[in-house]
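Undergrad: Supplied in structure tokens, the structure appears directly below.
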Amino acid sequence: MSLADHIDSEAPNPLEDRRSARRFRLAILAIWAVEAVLAVLLVRGNIASGRMPDGDDFLRLQQVRDLLNGQSWFDLFQHRFVPPVAAPMHWSRLVDVPIAAVILMLRPLVGQASAETAAAVFVPLLTMGCTIALVAHISRRVIGARLALLAAAAVPFVPLAWVQLQPLRIDHHGWQIVAALAIAAALLDRSSLRAGIIAATASAAWLTISLEGLPFVLAAGAAQMFPWLRSGEDGVRARSFAVALAAIAGLLFIATHAGSELFVVRCDTLTSPYVAALATVGLIVMAASLLPGGLALRLIAATIAAVAGLAVFLWIGPACTTGPFAQLDPMVYKIWFRNVPEGAPLWRQSLPVGAMIVATPLLGLAGSAIGLSRAPAERRIDWGLLIWLQCASLLIAIAVQRAGAVANVLALPGAMLLLSVLFRAARALSRPVSRVLATVAVVIIMFPPAVPAILIAATNEPDKADKPEPDCSSPAAVRPLASLRPGNVLSTLDLSSVILGTTPQLVLATGHHRNDAGMRDVITAFTSSDAKAREVIARRRIDYVVICPTASESRLLVRLAPRGFAQALISGRAPGWLHPVVLQRDALLIWKVARPATQ
């Protein structure tokens, strides 16, 4: 049997009986259940201690608490930043909904704290389940049911996907993966109207959650338009996507913004410039797809739609011409933004992280190329669409590291096909020794997550490999702050998220760019002289100064200013106007600010 016959014989068809489909769904459910239990067991220590994977998760939970405690649905300001100005968050309420729903359901039964823990565990597992189901759905279409189950089971074992889908990871990145896969699944749908609407709905949700999805949505939109542009066929798919995207994005924008905010131009979220541009493109594509005309007219119409959409965007949001971070303070951009690894391109990543970004996508593309070349004619369009999205997602991941999770999960169907082909070739070898060696080689090639782990182990310095870094980012580490009288805290940006989410203290700033004035003051204070730091502390009426000597951000501040305030604190040379509260070696350092008598 040829590979093409193998794929075709396993792929579902309209005559597949209900029992087979039900068995497949039950198998996917079983995979998710087993892997969910394993995931909880793997991070049970963090669950017990309340240590979340990232500061964003602490702040997301605090945002949900504020909502449940009476803060308006439309009020996205974080009011526990140090005055005089509360800072607006760039996050969407859509991500808050499932977290808040779980807490509301469980709070009467188990109390607030346990309900929050349950939500922080369950919601990421829900995104993992959605990801597994969508990978299985896409894979079954192109590689058949048996390999689709393997692809689905592989989801948590992809390192970049695991980072975003693990329990306690309640930030929005998991939902971005789900949205990308929903778009891909919709593109493979034979029903033009349904494909356009589902892809548009997932695209609008992604753009509402995070504007980072815009490049992928544009690539998906091009795929939706291509059949109509090429031959005039499938105008339903083109206009249903364009019109539904504009309509649903507009509705979500209105549903998540108050009346006054509807006219505020922000470059980092889906606001009026983007919504107006989508509406312009949608109207032109709808009109053009309903009118008769040849290839030239369709290309002209598409060009007019693109140019008009761009013109409307520039007219309403001229400040956004230099990108979503155009309004960021130059110092904050240089010292903070350019040193955030997840936002950096491939060439600025370490070798292990770079391997995790590109290894699986490249293997997936190789497998997809085999599938395209050997599949029957009616399935080549599916492989072509999948390859297009794989290429787009890989290019985006090369530009921005955190997009690597989408590129990796989209690569799984092709990677599983390549695995099947290589195993067949290895088993076909006649000599036992050659067969065993070839099989081992296939395992090594097809499981690149092992490569970064080996590289990380190899690059660890021998004198440091056996000494784990003290953990200052856990609730237990910042507990001494919780027992102090509430006040204003100056701390590093990452640690401030933990402090805000686990204590009653106010913080000057976290690593969230809308509060760039606060971020600038944090950076200025820690990288300047004691006198300059005291000026910032006095102006902001700071009560406590907190730093973790072993944190990577603290080390960065010391590298930037070897004689600065951060270095003085870490080396035990704190100025006399700071009174020690907690000075445990290799742990959190806390001082209380002694105010002058005139304050």
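Residue names in the structure tokens use chain letters A, B, ... in the order shown, residue numbers from 1 in each chain, and ligand numbers from 1 in the order shown.
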Excluding same-chain residues fewer than 4 positions from region 171-187 of chain A, what lies within 8 Å of it counting only C-alpha atoms, as a ChimeraX atom specification?

TA: /A:56-57,60,95,124,127-128,130-131,134-135,137-138,164-165,194-196,198-200,202-203,205-206,209-210,213,216,220,223-224,385-386,389,405-406,410

Undergrad: When you look at Val581 (chain A) with a cut-off of 9 Å (counting only C-alpha atoms), what residues show up, excluding the ones that are within fewer than 4 positions of it in the same chain? I need them as a PDB file with C-alpha atoms, in the first residue's frame.

TA:
ATOM      1  CA  PRO A 480       6.762  39.022  55.120  1.00  0.00           C
ATOM      2  CA  LEU A 589      15.517  41.831  50.958  1.00  0.00           C
ATOM      3  CA  ILE A 590      13.058  44.362  52.443  1.00  0.00           C
ATOM      4  CA  TRP A 591      13.698  47.826  53.815  1.00  0.00           C
ATOM      5  CA  LYS A 592      11.353  50.437  55.239  1.00  0.00           C
TER       6      LYS A 592
END

Undergrad: I'd like the neighbourhood of Asn46 (chain A) as number ranges by chain, where a residue qualifies if any of its atoms comes within 12 Å (using only C-alpha atoms), though same-chain residues fewer than 6 positions away should be ignored.

TA: A: 39-40, 52-54, 117, 120-121, 166-169, 471, 473-476

Undergrad: Now that the selection is made, can you save its residues with N, CA and C atoms as a PDB file, in the first residue's frame?

TA:
ATOM      1  N   ALA A  39      -0.347  16.288  34.244  1.00  0.00           N
ATOM      2  CA  ALA A  39       0.072  17.683  34.340  1.00  0.00           C
ATOM      3  C   ALA A  39      -0.092  18.196  35.767  1.00  0.00           C
ATOM      4  N   VAL A  40      -1.221  17.863  36.397  1.00  0.00           N
ATOM      5  CA  VAL A  40      -1.450  18.297  37.778  1.00  0.00           C
ATOM      6  C   VAL A  40      -0.412  17.678  38.711  1.00  0.00           C
ATOM      7  N   MET A  52       2.796  30.656  40.676  1.00  0.00           N
ATOM      8  CA  MET A  52       2.361  30.627  39.291  1.00  0.00           C
ATOM      9  C   MET A  52       3.564  30.721  38.352  1.00  0.00           C
ATOM     10  N   PRO A  53       3.408  30.287  37.099  1.00  0.00           N
ATOM     11  CA  PRO A  53       4.556  30.260  36.187  1.00  0.00           C
ATOM     12  C   PRO A  53       5.147  31.621  35.886  1.00  0.00           C
ATOM     13  N   ASP A  54       4.331  32.678  35.924  1.00  0.00           N
ATOM     14  CA  ASP A  54       4.802  33.984  35.465  1.00  0.00           C
ATOM     15  C   ASP A  54       4.080  35.079  36.254  1.00  0.00           C
ATOM     16  N   THR A 117      -7.626  28.710  43.401  1.00  0.00           N
ATOM     17  CA  THR A 117      -6.681  27.658  43.022  1.00  0.00           C
ATOM     18  C   THR A 117      -7.303  26.714  42.002  1.00  0.00           C
ATOM     19  N   ALA A 120      -7.371  28.393  38.663  1.00  0.00           N
ATOM     20  CA  ALA A 120      -6.034  28.502  38.095  1.00  0.00           C
ATOM     21  C   ALA A 120      -5.527  27.166  37.572  1.00  0.00           C
ATOM     22  N   VAL A 121      -6.064  26.068  38.100  1.00  0.00           N
ATOM     23  CA  VAL A 121      -5.697  24.740  37.599  1.00  0.00           C
ATOM     24  C   VAL A 121      -6.583  24.332  36.432  1.00  0.00           C
ATOM     25  N   GLN A 166       0.176  24.652  30.826  1.00  0.00           N
ATOM     26  CA  GLN A 166       0.320  23.968  32.109  1.00  0.00           C
ATOM     27  C   GLN A 166      -0.631  24.551  33.148  1.00  0.00           C
ATOM     28  N   PRO A 167      -1.005  23.776  34.140  1.00  0.00           N
ATOM     29  CA  PRO A 167      -1.838  24.298  35.222  1.00  0.00           C
ATOM     30  C   PRO A 167      -1.213  25.528  35.867  1.00  0.00           C
ATOM     31  N   LEU A 168      -2.048  26.474  36.243  1.00  0.00           N
ATOM     32  CA  LEU A 168      -1.716  27.762  36.846  1.00  0.00           C
ATOM     33  C   LEU A 168      -1.340  28.822  35.816  1.00  0.00           C
ATOM     34  N   ARG A 169      -1.213  28.439  34.540  1.00  0.00           N
ATOM     35  CA  ARG A 169      -0.871  29.420  33.502  1.00  0.00           C
ATOM     36  C   ARG A 169      -2.168  30.015  32.967  1.00  0.00           C
ATOM     37  N   ASP A 471      14.106  30.892  45.394  1.00  0.00           N
ATOM     38  CA  ASP A 471      12.881  31.299  44.713  1.00  0.00           C
ATOM     39  C   ASP A 471      12.259  32.473  45.438  1.00  0.00           C
ATOM     40  N   SER A 473       9.942  34.361  43.881  1.00  0.00           N
ATOM     41  CA  SER A 473       8.697  34.690  43.190  1.00  0.00           C
ATOM     42  C   SER A 473       7.511  33.889  43.685  1.00  0.00           C
ATOM     43  N   SER A 474       7.661  33.217  44.801  1.00  0.00           N
ATOM     44  CA  SER A 474       6.553  32.450  45.352  1.00  0.00           C
ATOM     45  C   SER A 474       5.819  33.277  46.400  1.00  0.00           C
ATOM     46  N   PRO A 475       4.548  32.969  46.622  1.00  0.00           N
ATOM     47  CA  PRO A 475       3.823  33.671  47.689  1.00  0.00           C
ATOM     48  C   PRO A 475       4.494  33.556  49.041  1.00  0.00           C
ATOM     49  N   ALA A 476       5.131  32.405  49.312  1.00  0.00           N
ATOM     50  CA  ALA A 476       5.806  32.232  50.597  1.00  0.00           C
ATOM     51  C   ALA A 476       6.959  33.208  50.755  1.00  0.00           C
TER      52      ALA A 476
END

Undergrad: So that I can check the surroundings of Arg266 (chain A), please list as a VMD selection string every protein, DNA and RNA residue that reaches within 9 Å of it, counting only C-alpha atoms and ignoring chain neighbours fewer than 6 positions away.

TA: chain A and resid 272 to 273 317 319 to 320 324 327

Undergrad: Compile the contact shell of Ala152 (chain A) as a short mmCIF file (atom, residue, chain, number, x, y, z; two decimals) with N, CA and C atoms, in the first residue's frame: residues with an atom at most 12 Å away, counting only C-alpha atoms, same-chain residues fewer than 6 positions apart removed.

TA:
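See around05.cif below for the written result:
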data_model
loop_
_atom_site.label_atom_id
_atom_site.label_comp_id
_atom_site.auth_asym_id
_atom_site.auth_seq_id
_atom_site.Cartn_x
_atom_site.Cartn_y
_atom_site.Cartn_z
N PHE A 24 -13.55 7.80 18.32
CA PHE A 24 -12.47 8.78 18.17
C PHE A 24 -12.61 9.89 19.20
N ARG A 25 -13.82 10.40 19.38
CA ARG A 25 -14.03 11.47 20.36
C ARG A 25 -13.73 10.98 21.78
N ALA A 27 -11.65 8.63 22.56
CA ALA A 27 -10.20 8.48 22.67
C ALA A 27 -9.53 9.82 22.96
N ILE A 28 -9.99 10.87 22.29
CA ILE A 28 -9.44 12.21 22.53
C ILE A 28 -9.73 12.65 23.97
N LEU A 29 -10.94 12.39 24.43
CA LEU A 29 -11.30 12.74 25.81
C LEU A 29 -10.42 11.98 26.80
N ALA A 30 -10.16 10.70 26.51
CA ALA A 30 -9.32 9.90 27.40
C ALA A 30 -7.89 10.43 27.42
N ILE A 31 -7.38 10.80 26.25
CA ILE A 31 -6.02 11.37 26.18
C ILE A 31 -5.93 12.62 27.03
N TRP A 32 -6.92 13.50 26.87
CA TRP A 32 -6.91 14.73 27.66
C TRP A 32 -6.99 14.44 29.16
N GLU A 35 -3.61 13.07 30.42
CA GLU A 35 -2.56 14.08 30.41
C GLU A 35 -2.86 15.21 31.38
N MET A 128 -5.78 23.31 27.32
CA MET A 128 -5.05 22.14 26.85
C MET A 128 -5.99 21.16 26.16
N GLY A 129 -7.17 20.95 26.74
CA GLY A 129 -8.14 20.05 26.13
C GLY A 129 -8.61 20.55 24.78
N CYS A 130 -8.86 21.85 24.67
CA CYS A 130 -9.26 22.42 23.38
C CYS A 130 -8.15 22.25 22.35
N THR A 131 -6.91 22.46 22.78
CA THR A 131 -5.77 22.32 21.87
C THR A 131 -5.64 20.88 21.39
N ILE A 132 -5.76 19.93 22.31
CA ILE A 132 -5.67 18.51 21.95
C ILE A 132 -6.77 18.15 20.96
N ALA A 133 -8.00 18.59 21.23
CA ALA A 133 -9.12 18.26 20.35
C ALA A 133 -8.94 18.86 18.96
N LEU A 134 -8.47 20.09 18.88
CA LEU A 134 -8.30 20.74 17.59
C LEU A 134 -7.14 20.13 16.80
N VAL A 135 -6.04 19.81 17.48
CA VAL A 135 -4.94 19.12 16.79
C VAL A 135 -5.43 17.78 16.25
N ALA A 136 -6.23 17.07 17.04
CA ALA A 136 -6.77 15.78 16.58
C ALA A 136 -7.68 15.97 15.37
N HIS A 137 -8.52 16.98 15.41
CA HIS A 137 -9.46 17.24 14.30
C HIS A 137 -8.70 17.56 13.01
N ILE A 138 -7.72 18.45 13.10
CA ILE A 138 -6.93 18.82 11.92
C ILE A 138 -6.14 17.62 11.41
N SER A 139 -5.52 16.89 12.32
CA SER A 139 -4.67 15.76 11.93
C SER A 139 -5.48 14.65 11.30
N ARG A 140 -6.66 14.36 11.84
CA ARG A 140 -7.47 13.28 11.28
C ARG A 140 -7.82 13.55 9.84
N ALA A 145 -6.99 8.74 11.41
CA ALA A 145 -7.37 8.71 12.82
C ALA A 145 -6.25 8.23 13.73
N ARG A 146 -5.52 7.15 13.32
CA ARG A 146 -4.52 6.59 14.22
C ARG A 146 -3.38 7.58 14.47
N VAL A 158 5.30 19.13 23.73
CA VAL A 158 5.97 20.20 23.00
C VAL A 158 6.30 21.30 24.01
N VAL A 409 2.53 23.60 17.57
CA VAL A 409 1.35 22.73 17.56
C VAL A 409 0.81 22.56 16.14
N LEU A 410 0.94 23.59 15.30
CA LEU A 410 0.51 23.45 13.90
C LEU A 410 1.40 22.47 13.14
N ALA A 411 2.60 22.24 13.64
CA ALA A 411 3.51 21.32 12.96
C ALA A 411 3.24 19.86 13.28
N LEU A 412 2.42 19.58 14.28
CA LEU A 412 2.26 18.19 14.74
C LEU A 412 1.70 17.24 13.68
N PRO A 413 0.70 17.62 12.87
CA PRO A 413 0.23 16.66 11.85
C PRO A 413 1.34 16.24 10.89
N ALA A 415 4.58 16.46 11.44
CA ALA A 415 5.62 15.75 12.18
C ALA A 415 5.24 14.30 12.42
N MET A 416 3.96 14.02 12.70
CA MET A 416 3.54 12.64 12.91
C MET A 416 3.59 11.83 11.61
#

Undergrad: What parts of region 190-313 of chain A does DSSP call helix (DSSP H, G or I)? I'd like the answer as a PyMOL selection string.

TA: chain A and resi 192-209+211-231+235-255+260-263+272-290+295-313

Undergrad: Identify, on the basis of only C-alpha atoms, every residue whose closest approach to Arg379 (chain A) does not exceed 9 Å; exclude the query and any residue fewer than 5 positions from it along the same chain; express the result as a PyMOL selection string.

TA: chain A and resi 8+141-142+372+384

Undergrad: Would you export the selected residues with N, CA and C atoms as a PDB file, in the first residue's frame, please?

TA:
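This is the output file selection.pdb:
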ATOM      1  N   ASP A   8      -5.313   8.025   2.717  1.00  0.00           N
ATOM      2  CA  ASP A   8      -6.696   8.101   2.262  1.00  0.00           C
ATOM      3  C   ASP A   8      -7.579   7.081   2.950  1.00  0.00           C
ATOM      4  N   ARG A 141      -7.985  14.807   9.493  1.00  0.00           N
ATOM      5  CA  ARG A 141      -8.343  15.143   8.117  1.00  0.00           C
ATOM      6  C   ARG A 141      -7.218  14.847   7.138  1.00  0.00           C
ATOM      7  N   VAL A 142      -5.965  15.021   7.582  1.00  0.00           N
ATOM      8  CA  VAL A 142      -4.854  14.896   6.632  1.00  0.00           C
ATOM      9  C   VAL A 142      -4.020  13.629   6.813  1.00  0.00           C
ATOM     10  N   LEU A 372       1.834  16.394   0.983  1.00  0.00           N
ATOM     11  CA  LEU A 372       1.371  17.086  -0.221  1.00  0.00           C
ATOM     12  C   LEU A 372       1.755  16.338  -1.486  1.00  0.00           C
ATOM     13  N   GLY A 384      -1.887  21.943   1.315  1.00  0.00           N
ATOM     14  CA  GLY A 384      -1.422  23.255   0.895  1.00  0.00           C
ATOM     15  C   GLY A 384      -1.783  24.336   1.898  1.00  0.00           C
TER      16      GLY A 384
END

Undergrad: Can you tell me which residues surround region 285-299 of chain A at a distance of at most 8 Å, considering only C-alpha atoms, apart from same-chain residues fewer than 6 positions away, and format the answer as a short mmCIF file (atom, residue, chain, number, x, y, z; two decimals) with C-alpha atoms, in the first residue's frame?

TA:
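Result file result-v3.cif:
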data_model
loop_
_atom_site.label_atom_id
_atom_site.label_comp_id
_atom_site.auth_asym_id
_atom_site.auth_seq_id
_atom_site.Cartn_x
_atom_site.Cartn_y
_atom_site.Cartn_z
CA TRP A 228 -11.96 33.70 -5.15
CA LEU A 229 -9.01 35.77 -6.33
CA ARG A 230 -7.59 32.95 -8.44
CA SER A 231 -10.70 31.80 -10.29
CA GLY A 232 -13.70 33.69 -8.96
CA GLY A 235 -16.86 34.05 -3.13
CA VAL A 236 -19.01 32.91 -0.21
CA ALA A 238 -14.18 35.21 1.02
CA ARG A 239 -17.04 37.54 1.90
CA SER A 240 -18.28 35.51 4.89
CA ALA A 242 -14.27 39.40 5.67
CA VAL A 243 -17.73 40.55 6.76
CA ALA A 305 -9.64 46.89 -0.17
#

Undergrad: Write out as a PyMOL selection string the set of residues from region 57-287 of chain A that DSSP, computed on the backbone, places in strand (DSSP E or B).

TA: chain A and resi 77-78+81+87-88

Undergrad: Generate the output file for the selected residues, N, CA and C atoms, as a PDB file, in the first residue's frame.

TA:
ATOM      1  N   PHE A  77      -8.464  49.480  34.406  1.00  0.00           N
ATOM      2  CA  PHE A  77      -7.350  50.105  35.112  1.00  0.00           C
ATOM      3  C   PHE A  77      -6.944  49.239  36.304  1.00  0.00           C
ATOM      4  N   GLN A  78      -5.642  49.182  36.568  1.00  0.00           N
ATOM      5  CA  GLN A  78      -5.142  48.537  37.772  1.00  0.00           C
ATOM      6  C   GLN A  78      -4.918  49.637  38.807  1.00  0.00           C
ATOM      7  N   PHE A  81      -1.566  50.304  41.442  1.00  0.00           N
ATOM      8  CA  PHE A  81      -0.276  50.925  41.165  1.00  0.00           C
ATOM      9  C   PHE A  81      -0.163  52.204  41.996  1.00  0.00           C
ATOM     10  N   ALA A  87      -2.983  52.774  36.165  1.00  0.00           N
ATOM     11  CA  ALA A  87      -2.580  52.464  34.792  1.00  0.00           C
ATOM     12  C   ALA A  87      -3.586  51.530  34.139  1.00  0.00           C
ATOM     13  N   PRO A  88      -3.965  51.806  32.899  1.00  0.00           N
ATOM     14  CA  PRO A  88      -4.849  50.886  32.179  1.00  0.00           C
ATOM     15  C   PRO A  88      -4.085  49.647  31.730  1.00  0.00           C
TER      16      PRO A  88
END

Undergrad: Hey, which of A:Cys472, A:Ala366, A:Leu252, A:Leu188 ends up closest to Val421 (chain A)? Count only C-alpha atoms.

TA: A:Ala366

Undergrad: Taking into account only C-alpha atoms, which residue in the set A:Val489, A:Ala525, A:Val264, A:Ala308 is nearest to Gly282 (chain A)?

TA: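 When distances to Gly282 (chain A) are compared using only C-alpha atoms, the smallest one comes from A:Ala308.
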
Undergrad: Nearest to Val163 (chain A): which of A:Ser20, A:Val43, A:Pro318, A:Ser430 is it, counting only C-alpha atoms?

TA: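 Once distances to Val163 (chain A) are computed over only C-alpha atoms, the minimum belongs to A:Val43.
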
Undergrad: Quick one: of A:Arg520, A:Arg380, A:Arg559, A:Arg541, who's nearest to Val593 (chain A), counting only C-alpha atoms?

TA: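 Closest to Val593 (chain A) of all the choices is A:Arg541.
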
Undergrad: Go through A:Val82, A:Ile143, A:Ala566, A:Ile170 and flag the residue nearest Ile370 (chain A), using only C-alpha atoms for the distances.

TA: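 Ranked by minimum distance to Ile370 (chain A), first place goes to A:Ile143.
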
Undergrad: Nearest to Ala255 (chain A) among A:Ala517, A:Leu126, A:Val155, A:Leu94, with distances taken over only C-alpha atoms: which residue is it?

TA: A:Leu94

Undergrad: For a test of reading the model, state the distance in Å between CA of Gln349 (chain A) and CA of Gly511 (chain A), rounded to one decimal.

TA: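 These atoms are spaced 19.6 Å apart.
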